[in-house]
$ cat data_39.cif   # mmCIF, C-alpha atoms
data_model
#
loop_
_atom_site.label_atom_id
_atom_site.label_comp_id
_atom_site.auth_asym_id
_atom_site.auth_seq_id
_atom_site.Cartn_x
_atom_site.Cartn_y
_atom_site.Cartn_z
CA MET A 1 104.49 21.33 90.74
CA LYS A 2 101.18 22.58 92.16
CA THR A 3 98.19 22.34 89.83
CA PRO A 4 96.79 25.83 89.09
CA GLU A 5 93.46 26.62 90.70
CA ILE A 6 90.41 26.93 88.49
CA VAL A 7 88.49 30.01 89.55
CA VAL A 8 85.30 31.75 88.41
CA ILE A 9 84.75 35.43 89.22
CA THR A 10 81.53 37.32 88.51
CA GLY A 11 81.76 41.07 88.06
CA ALA A 12 85.32 40.48 86.86
CA SER A 13 85.62 43.39 84.41
CA ALA A 14 86.19 46.18 86.95
CA GLY A 15 86.53 47.14 90.59
CA VAL A 16 86.90 44.38 93.18
CA GLY A 17 86.34 41.64 90.62
CA ARG A 18 89.10 43.01 88.41
CA ALA A 19 91.56 43.29 91.30
CA THR A 20 90.65 39.74 92.38
CA ALA A 21 91.21 38.43 88.85
CA ARG A 22 94.69 39.97 88.92
CA ALA A 23 95.42 38.43 92.32
CA PHE A 24 94.55 34.93 91.12
CA GLY A 25 96.36 35.55 87.83
CA LYS A 26 99.55 36.20 89.80
CA ARG A 27 99.12 32.72 91.29
CA GLY A 28 99.00 31.22 87.81
CA ALA A 29 95.30 30.35 88.14
CA LYS A 30 92.94 29.54 85.30
CA VAL A 31 90.16 32.07 85.62
CA GLY A 32 86.66 32.24 84.15
CA LEU A 33 85.81 35.94 83.85
CA ILE A 34 82.11 36.82 83.96
CA ALA A 35 80.64 40.29 83.45
CA ARG A 36 78.62 42.23 80.87
CA GLY A 37 81.38 44.52 79.59
CA ARG A 38 83.60 42.81 77.03
CA ASP A 39 86.18 45.64 77.02
CA GLY A 40 86.98 45.17 80.69
CA LEU A 41 86.90 41.38 80.42
CA GLU A 42 89.36 41.33 77.54
CA ALA A 43 91.68 43.67 79.45
CA ALA A 44 91.44 41.42 82.53
CA LYS A 45 92.29 38.41 80.36
CA ARG A 46 95.42 40.12 79.05
CA GLU A 47 96.51 41.00 82.58
CA ILE A 48 96.06 37.43 83.82
CA GLU A 49 98.00 36.03 80.90
CA SER A 50 100.81 38.54 81.49
CA TYR A 51 101.15 37.10 85.01
CA GLY A 52 101.34 33.53 83.69
CA GLY A 53 97.73 32.50 84.27
CA GLU A 54 95.00 31.61 81.80
CA ALA A 55 91.61 33.25 81.33
CA LEU A 56 88.31 32.61 79.61
CA VAL A 57 86.13 35.61 78.76
CA LEU A 58 82.41 35.01 79.38
CA PRO A 59 80.34 38.12 78.60
CA LEU A 60 76.88 37.68 80.10
CA ASP A 61 74.31 39.17 82.45
CA VAL A 62 74.44 37.30 85.76
CA SER A 63 70.72 37.87 86.33
CA ASP A 64 70.17 35.19 83.65
CA GLU A 65 70.42 31.90 85.56
CA ASN A 66 70.68 29.84 82.37
CA ALA A 67 73.58 31.94 81.11
CA VAL A 68 75.39 31.50 84.44
CA GLU A 69 74.88 27.75 84.32
CA GLN A 70 76.17 27.58 80.76
CA ALA A 71 79.21 29.65 81.70
CA ALA A 72 80.07 27.22 84.50
CA GLY A 73 79.95 24.40 81.96
CA GLU A 74 82.19 26.33 79.56
CA VAL A 75 84.79 26.89 82.27
CA GLU A 76 84.91 23.20 83.16
CA ARG A 77 85.14 22.14 79.52
CA ALA A 78 88.02 24.56 78.97
CA PHE A 79 89.94 24.19 82.23
CA GLY A 80 88.54 21.33 84.32
CA PRO A 81 86.71 21.16 87.67
CA ILE A 82 86.08 24.52 89.31
CA ASP A 83 87.91 24.93 92.63
CA ILE A 84 86.74 28.40 93.68
CA TRP A 85 83.63 30.34 92.66
CA ILE A 86 83.49 34.02 93.64
CA ASN A 87 80.14 35.82 93.54
CA ASN A 88 80.99 39.51 93.27
CA ALA A 89 78.80 41.18 90.60
CA MET A 90 76.71 44.09 91.87
CA LEU A 91 74.52 47.01 90.90
CA SER A 92 73.16 49.87 92.96
CA VAL A 93 70.95 52.94 92.68
CA PHE A 94 71.66 56.03 94.76
CA SER A 95 68.25 57.43 95.55
CA PRO A 96 65.80 58.25 98.35
CA ILE A 97 63.33 55.40 98.75
CA MET A 98 60.34 57.55 97.74
CA GLU A 99 62.00 58.23 94.38
CA MET A 100 62.88 54.60 93.63
CA THR A 101 60.89 52.64 91.04
CA ALA A 102 59.80 49.02 91.02
CA GLU A 103 62.17 48.43 88.11
CA ASP A 104 65.08 49.86 90.13
CA TYR A 105 64.44 47.44 92.99
CA ARG A 106 63.94 44.43 90.73
CA ARG A 107 67.09 45.09 88.76
CA VAL A 108 69.36 45.61 91.78
CA THR A 109 67.88 42.54 93.48
CA ASP A 110 68.32 40.42 90.35
CA VAL A 111 72.02 41.23 90.08
CA THR A 112 73.16 41.93 93.64
CA TYR A 113 71.22 39.10 95.31
CA LEU A 114 69.67 36.57 92.93
CA ALA A 115 72.79 36.35 90.76
CA TYR A 116 74.61 35.12 93.89
CA VAL A 117 72.00 32.37 94.15
CA TRP A 118 72.41 31.41 90.48
CA GLY A 119 76.21 31.41 90.79
CA THR A 120 76.10 29.38 93.99
CA LEU A 121 73.77 26.80 92.45
CA ALA A 122 75.94 26.49 89.35
CA ALA A 123 78.96 25.91 91.59
CA LEU A 124 77.18 23.48 93.93
CA ARG A 125 75.94 21.31 91.06
CA ARG A 126 79.58 20.65 90.26
CA MET A 127 81.24 20.83 93.66
CA LYS A 128 78.88 18.75 95.81
CA PRO A 129 79.21 15.51 93.80
CA ARG A 130 83.01 15.91 94.00
CA ASP A 131 82.74 16.86 97.70
CA ARG A 132 85.20 19.73 97.38
CA GLY A 133 85.36 23.39 96.39
CA VAL A 134 84.95 26.86 97.84
CA ILE A 135 82.27 29.48 97.21
CA VAL A 136 83.07 33.07 98.21
CA GLN A 137 80.22 35.53 98.64
CA VAL A 138 81.50 39.11 98.41
CA GLY A 139 79.43 41.02 100.91
CA SER A 140 79.53 44.34 102.70
CA ALA A 141 79.16 45.87 106.13
CA LEU A 142 75.83 46.99 104.65
CA ALA A 143 74.71 43.34 104.81
CA TYR A 144 74.13 44.10 108.51
CA ARG A 145 73.65 47.86 108.63
CA GLY A 146 71.41 49.57 106.10
CA ILE A 147 72.20 53.18 105.24
CA PRO A 148 70.11 55.92 103.62
CA LEU A 149 70.10 56.42 99.84
CA GLN A 150 71.13 52.82 99.05
CA SER A 151 68.08 50.84 100.12
CA ALA A 152 68.08 48.40 97.18
CA TYR A 153 71.75 47.54 97.55
CA CYS A 154 71.55 47.20 101.34
CA ALA A 155 68.49 44.96 101.08
CA ALA A 156 70.21 42.76 98.50
CA LYS A 157 73.31 42.37 100.67
CA HIS A 158 71.11 41.53 103.67
CA ALA A 159 69.53 38.82 101.51
CA VAL A 160 72.93 37.42 100.55
CA GLN A 161 73.88 37.21 104.22
CA GLY A 162 70.71 35.25 105.05
CA PHE A 163 71.26 32.95 102.07
CA HIS A 164 74.85 32.40 103.21
CA ASP A 165 73.75 31.31 106.69
CA SER A 166 71.14 28.93 105.29
CA LEU A 167 73.63 27.38 102.89
CA LEU A 168 76.22 26.92 105.63
CA THR A 169 73.82 25.01 107.83
CA GLU A 170 72.72 22.75 104.97
CA LEU A 171 76.30 21.92 104.01
CA ILE A 172 77.06 21.05 107.65
CA HIS A 173 73.91 18.92 107.82
CA ASP A 174 74.94 17.05 104.67
CA GLY A 175 78.46 16.47 105.93
CA SER A 176 79.78 18.19 102.82
CA ASN A 177 83.38 19.29 102.39
CA VAL A 178 82.28 22.14 100.12
CA ARG A 179 83.01 25.39 101.95
CA VAL A 180 81.37 28.79 101.74
CA VAL A 181 82.69 32.06 103.16
CA MET A 182 81.25 35.57 103.11
CA VAL A 183 83.64 38.53 102.99
CA GLN A 184 82.19 41.77 104.37
CA MET A 185 83.73 44.81 102.68
CA PRO A 186 84.31 48.40 103.81
CA ALA A 187 84.08 51.44 101.51
CA LEU A 188 86.16 50.81 98.40
CA ASN A 189 87.59 52.98 95.64
CA THR A 190 85.95 51.32 92.61
CA PRO A 191 84.48 52.76 89.38
CA GLN A 192 80.90 52.11 90.51
CA PHE A 193 80.48 55.58 92.00
CA ARG A 194 80.62 57.12 88.53
CA TRP A 195 78.63 54.29 86.92
CA VAL A 196 75.59 53.71 89.09
CA LYS A 197 72.24 55.29 88.48
CA SER A 198 71.90 58.26 90.82
CA ARG A 199 69.20 60.72 91.81
CA LEU A 200 71.47 62.54 94.26
CA PRO A 201 72.05 66.27 93.81
CA ARG A 202 75.84 65.79 94.00
CA LYS A 203 78.23 63.10 92.85
CA ALA A 204 78.48 60.01 95.03
CA GLN A 205 81.44 58.79 97.02
CA PRO A 206 82.20 55.78 99.26
CA VAL A 207 81.72 56.68 102.92
CA PRO A 208 85.24 57.37 104.26
CA PRO A 209 87.59 55.85 105.27
CA ILE A 210 88.14 54.40 101.79
CA PHE A 211 90.23 51.35 100.87
CA GLN A 212 91.75 50.38 97.53
CA PRO A 213 90.19 47.38 95.73
CA GLU A 214 93.44 45.43 96.17
CA VAL A 215 92.68 45.28 99.91
CA ALA A 216 89.40 43.58 99.06
CA ALA A 217 91.04 41.25 96.52
CA ASP A 218 93.69 40.17 99.01
CA ALA A 219 90.98 39.43 101.58
CA ILE A 220 88.95 37.40 99.08
CA LEU A 221 91.96 35.34 98.07
CA TRP A 222 92.91 34.74 101.71
CA ALA A 223 89.33 33.93 102.71
CA ALA A 224 89.06 31.27 100.01
CA TYR A 225 91.71 29.22 101.84
CA SER A 226 91.02 30.31 105.40
CA GLY A 227 88.32 27.89 106.52
CA ARG A 228 86.44 30.84 108.08
CA ARG A 229 82.67 31.22 107.73
CA GLU A 230 82.86 35.02 107.52
CA VAL A 231 85.60 37.64 107.25
CA ASN A 232 85.28 41.36 107.98
CA VAL A 233 87.65 43.52 105.94
CA GLY A 234 88.88 46.59 107.78
CA TRP A 235 87.95 48.14 111.10
CA PRO A 236 85.14 50.28 109.59
CA ALA A 237 83.26 47.15 108.53
CA THR A 238 83.74 45.48 111.90
CA LYS A 239 82.75 48.66 113.74
CA ALA A 240 79.55 49.02 111.68
CA ILE A 241 78.53 45.40 112.21
CA ILE A 242 79.26 45.29 115.94
CA GLY A 243 77.84 48.77 116.52
CA ASN A 244 74.60 47.85 114.80
CA ASN A 245 74.29 44.72 116.95
CA LEU A 246 74.84 46.67 120.17
CA VAL A 247 73.15 50.04 119.56
CA PRO A 248 71.08 49.97 116.35
CA GLY A 249 68.95 52.92 117.44
CA LEU A 250 72.01 55.08 117.92
CA ALA A 251 73.18 54.06 114.42
CA ASP A 252 69.76 55.04 113.01
CA HIS A 253 70.02 58.57 114.37
CA TYR A 254 73.70 58.94 113.50
CA LEU A 255 73.05 57.96 109.87
CA ALA A 256 69.98 60.18 109.70
CA ARG A 257 72.20 63.14 110.63
CA ASN A 258 75.36 62.22 108.73
CA GLY A 259 74.59 59.48 106.22
CA TYR A 260 73.40 61.76 103.40
CA GLU A 261 76.33 64.16 103.27
CA ALA A 262 78.87 61.38 103.84
CA GLN A 263 77.88 59.79 100.52
CA MET A 264 78.33 62.92 98.37
CA ILE A 265 81.16 65.22 97.33
CA ASP A 266 80.93 68.94 96.59
CA GLU A 267 80.43 68.48 92.86
CA PRO A 268 77.04 68.54 91.11
CA GLU A 269 75.78 65.31 89.61
CA GLU A 270 75.38 65.30 85.83
CA ARG A 271 71.69 64.89 85.14
CA GLY A 272 70.91 62.26 82.54
CA ARG A 273 74.45 60.88 82.43
CA PRO A 274 74.79 57.24 81.24
CA ASP A 275 74.65 54.59 83.96
CA ASN A 276 75.21 50.83 84.08
CA LEU A 277 71.90 49.69 85.53
CA TRP A 278 70.65 47.96 82.39
CA SER A 279 73.72 47.76 80.16
CA PRO A 280 77.49 48.08 80.64
CA LEU A 281 79.27 51.30 79.89
CA PRO A 282 81.86 51.06 77.10
CA GLY A 283 85.60 50.96 77.67
CA ASP A 284 87.90 49.49 80.27
CA ALA A 285 87.59 51.20 83.66
CA GLY A 286 90.09 48.98 85.49
CA ALA A 287 89.94 48.32 89.20
CA HIS A 288 90.23 51.82 90.69
CA GLY A 289 87.74 54.63 90.93
CA VAL A 290 88.50 58.34 91.17
CA PHE A 291 89.44 58.42 94.87
CA ASP A 292 93.05 57.22 94.74
CA ASP A 293 94.33 60.25 96.66
CA ARG A 294 91.97 59.49 99.56
CA SER A 295 92.31 55.69 99.66
CA THR A 296 94.55 53.45 101.70
CA SER A 297 96.25 50.34 100.35
CA VAL A 298 96.41 48.37 103.58
CA SER A 299 94.02 47.35 106.35
CA ILE A 300 95.84 46.82 109.63
CA GLU A 301 92.72 45.18 111.07
CA MET A 302 92.62 42.70 108.18
CA GLU A 303 96.30 41.87 108.60
CA LEU A 304 95.69 41.21 112.30
CA ASN A 305 92.59 39.18 111.42
CA LYS A 306 94.68 36.91 109.20
CA ARG A 307 96.96 36.24 112.17
CA ARG A 308 94.17 35.85 114.69
CA GLY A 309 95.27 32.37 115.73
CA TRP A 310 98.84 33.45 116.41
CA ILE A 311 97.69 36.58 118.24
CA LEU A 312 95.24 34.70 120.45
CA GLY A 313 97.81 32.00 121.11
CA GLY A 314 100.42 34.60 122.04
CA ALA A 315 97.99 36.42 124.29
CA ALA A 316 97.06 33.16 126.02
CA ALA A 317 100.74 32.32 126.53
CA LEU A 318 101.43 35.77 128.02
CA LEU A 319 98.42 35.46 130.32
CA LEU A 320 99.50 32.01 131.47
CA ALA A 321 103.04 33.28 132.12
CA ALA A 322 101.68 36.22 134.12
CA ILE A 323 99.45 33.94 136.20
CA THR A 324 102.37 31.57 136.81
CA ARG A 325 104.60 34.44 137.98
CA TRP A 326 101.84 35.77 140.23
CA ILE A 327 101.33 32.37 141.86
CA ALA A 328 105.07 31.96 142.32
CA ALA A 329 105.36 35.42 143.90
CA ARG A 330 102.46 34.72 146.24
CA THR A 331 103.97 31.40 147.28
CA GLN A 332 107.39 32.93 148.02
CA SER A 333 105.91 35.78 150.04
CA ARG A 334 103.99 33.52 152.43
CA PRO A 335 105.58 33.09 155.85
CA GLY A 336 106.81 29.61 156.63
CA PRO A 337 105.17 27.46 159.32
CA ILE A 338 105.84 28.49 162.97
CA LYS A 339 107.94 25.89 164.75
CA THR A 340 107.02 25.21 168.39
CA PRO A 341 109.84 24.34 170.81
CA ARG A 342 109.91 20.82 172.13
#
$ encode --input "data_39.cif" --output "structure tokens"
Amino acid sequence: MKTPEIVVITGASAGVGRATARAFGKRGAKVGLIARGRDGLEAAKREIESYGGEALVLPLDVSDENAVEQAAGEVERAFGPIDIWINNAMLSVFSPIMEMTAEDYRRVTDVTYLAYVWGTLAALRRMKPRDRGVIVQVGSALAYRGIPLQSAYCAAKHAVQGFHDSLLTELIHDGSNVRVVMVQMPALNTPQFRWVKSRLPRKAQPVPPIFQPEVAADAILWAAYSGRREVNVGWPATKAIIGNNLVPGLADHYLARNGYEAQMIDEPEERGRPDNLWSPLPGDAGAHGVFDDRSTSVSIEMELNKRRGWILGGAAALLLAAITRWIAARTQSRPGPIKTPR
């Protein structure tokens, strides 16, 4: 019988983290659940246990590096050596740059970037001496392409991407068998769009097309075993990343024209509403946001990505067969040698 994986997930109380906790719970994993909101964590624990897994609730703020380190120790004391660590916790502020405050930037950076560093270090302190383990960095297409009104979040995801590259090269240099993979997400239907601090005139939305958080969770689970260095989830993420590499100036002007309206719906924002920048909102929000009717539950591009080796192998076989047939046809169509009479 296979030994259950021991997994740690930050931001596990809602959204992508919650969906990922469920996915590992269905595998019978033992999961350390980290987030600030106890209501969501306790609900995630019940779900995991209903699937046959085990869970440990660890309510803490991931911006506190000491708390993250202590949580890693608690997981190993309860379950054993950590196999997979998933850095997923995030915060954002929807706001024009000129209206942002220093505190806004610090807080988003502390949670959306530096918490990934603290989580990675906590994992590495345990994984490197054992020479095994996987660290998953949950990223975004916005790690490569910044958009208006989310400057703090985009900057933090850019920082995670740079940290990821540096870590990869050091692990290769050290000959380590610890693996790290970054998973770049598209727009997702999570509760954050009604939680985040916002200075927009209308309520925020993910930029369509929108995917359900289970698409992200499935990609994270697959990426943890894939051996890949980076995985793009969905064609929109791939298109944004490649497009920015090829024609960044065109992307600048396109987003200047369309990037504001694309992030809002036709419903006024509630001024002064509670947000989750400094403390969690009460209750259990689950994995989904309010955009179920506009969200898709499958990414064809991701499914093809998973089968990339088979697809490339099949394409190579078809190409070789075509070349072989062409050569054979050319050979048969050549006239034979002219015989001279003796």
$ atom_distance --input "data_39.cif" --atom1 "atom CA of A:Asp110" --atom2 "atom CA of A:Glu65"
10.0 Å
$ residues_around --input "data_39.cif" --residues "A:Asp64" --least-positions-apart "4" --cutoff "10 Å" --atoms "all atoms listed in the file" --output "PyMOL selection string"
chain A and resi 60+68-69+110-111+114-115+118
$ resolve_selection --input "data_39.cif" --expression "the PyMOL selection byres ((chain A and resi 45-51) around 8)" --output "number ranges by chain"
A: 21-22, 24-28, 33, 41-44, 52-57
$ write_last_selection --input "data_39.cif" --atoms "C-alpha atoms" --output "PDB file, keeping the file's coordinate frame"
ATOM      1  CA  ALA A  21      91.210  38.430  88.850  1.00  0.00           C
ATOM      2  CA  ARG A  22      94.690  39.970  88.920  1.00  0.00           C
ATOM      3  CA  PHE A  24      94.550  34.930  91.120  1.00  0.00           C
ATOM      4  CA  GLY A  25      96.360  35.550  87.830  1.00  0.00           C
ATOM      5  CA  LYS A  26      99.550  36.200  89.800  1.00  0.00           C
ATOM      6  CA  ARG A  27      99.120  32.720  91.290  1.00  0.00           C
ATOM      7  CA  GLY A  28      99.000  31.220  87.810  1.00  0.00           C
ATOM      8  CA  LEU A  33      85.810  35.940  83.850  1.00  0.00           C
ATOM      9  CA  LEU A  41      86.900  41.380  80.420  1.00  0.00           C
ATOM     10  CA  GLU A  42      89.360  41.330  77.540  1.00  0.00           C
ATOM     11  CA  ALA A  43      91.680  43.670  79.450  1.00  0.00           C
ATOM     12  CA  ALA A  44      91.440  41.420  82.530  1.00  0.00           C
ATOM     13  CA  GLY A  52     101.340  33.530  83.690  1.00  0.00           C
ATOM     14  CA  GLY A  53      97.730  32.500  84.270  1.00  0.00           C
ATOM     15  CA  GLU A  54      95.000  31.610  81.800  1.00  0.00           C
ATOM     16  CA  ALA A  55      91.610  33.250  81.330  1.00  0.00           C
ATOM     17  CA  LEU A  56      88.310  32.610  79.610  1.00  0.00           C
ATOM     18  CA  VAL A  57      86.130  35.610  78.760  1.00  0.00           C
TER      19      VAL A  57
END
$ closest_residue --input "data_39.cif" --among "A:Lys30, A:Arg273, A:Arg294, A:Arg229" --to "A:Pro209" --atoms "all atoms listed in the file"
A:Arg294
$ closest_residue --input "data_39.cif" --among "A:Glu230, A:Arg107, A:Ala102, A:Val215" --to "A:Gly139" --atoms "all atoms listed in the file"
A:Glu230
$ resolve_selection --input "data_39.cif" --expression "the PyMOL selection byres ((chain A and resi 227) around 12)" --output "VMD selection string"
chain A and resid 133 to 136 177 to 182 221 to 226 228 to 231 306
$ atom_distance --input "data_39.cif" --atom1 "atom CA of A:Ala187" --atom2 "atom CA of A:Phe211"
6.2 Å
$ atom_distance --input "data_39.cif" --atom1 "atom CA of A:Ser92" --atom2 "atom CA of A:Gly272"
16.3 Å
$ residues_near_point --input "data_39.cif" --point "(79.8, 66.4, 96.5)" --cutoff "7 Å" --atoms "all atoms listed in the file" --output "number ranges by chain"
A: 202-204, 264-268
$ residues_near_point --input "data_39.cif" --point "(83.0, 28.1, 78.8)" --cutoff "12 Å" --atoms "only C-alpha atoms" --output "VMD selection string"
chain A and resid 8 30 to 34 55 to 60 67 to 82
$ residues_around --input "data_39.cif" --residues "A:Ala155" --least-positions-apart "4" --cutoff "9 Å" --atoms "all atoms listed in the file" --output "PyMOL selection string"
chain A and resi 109+113+142-143+146+150-151+159-160
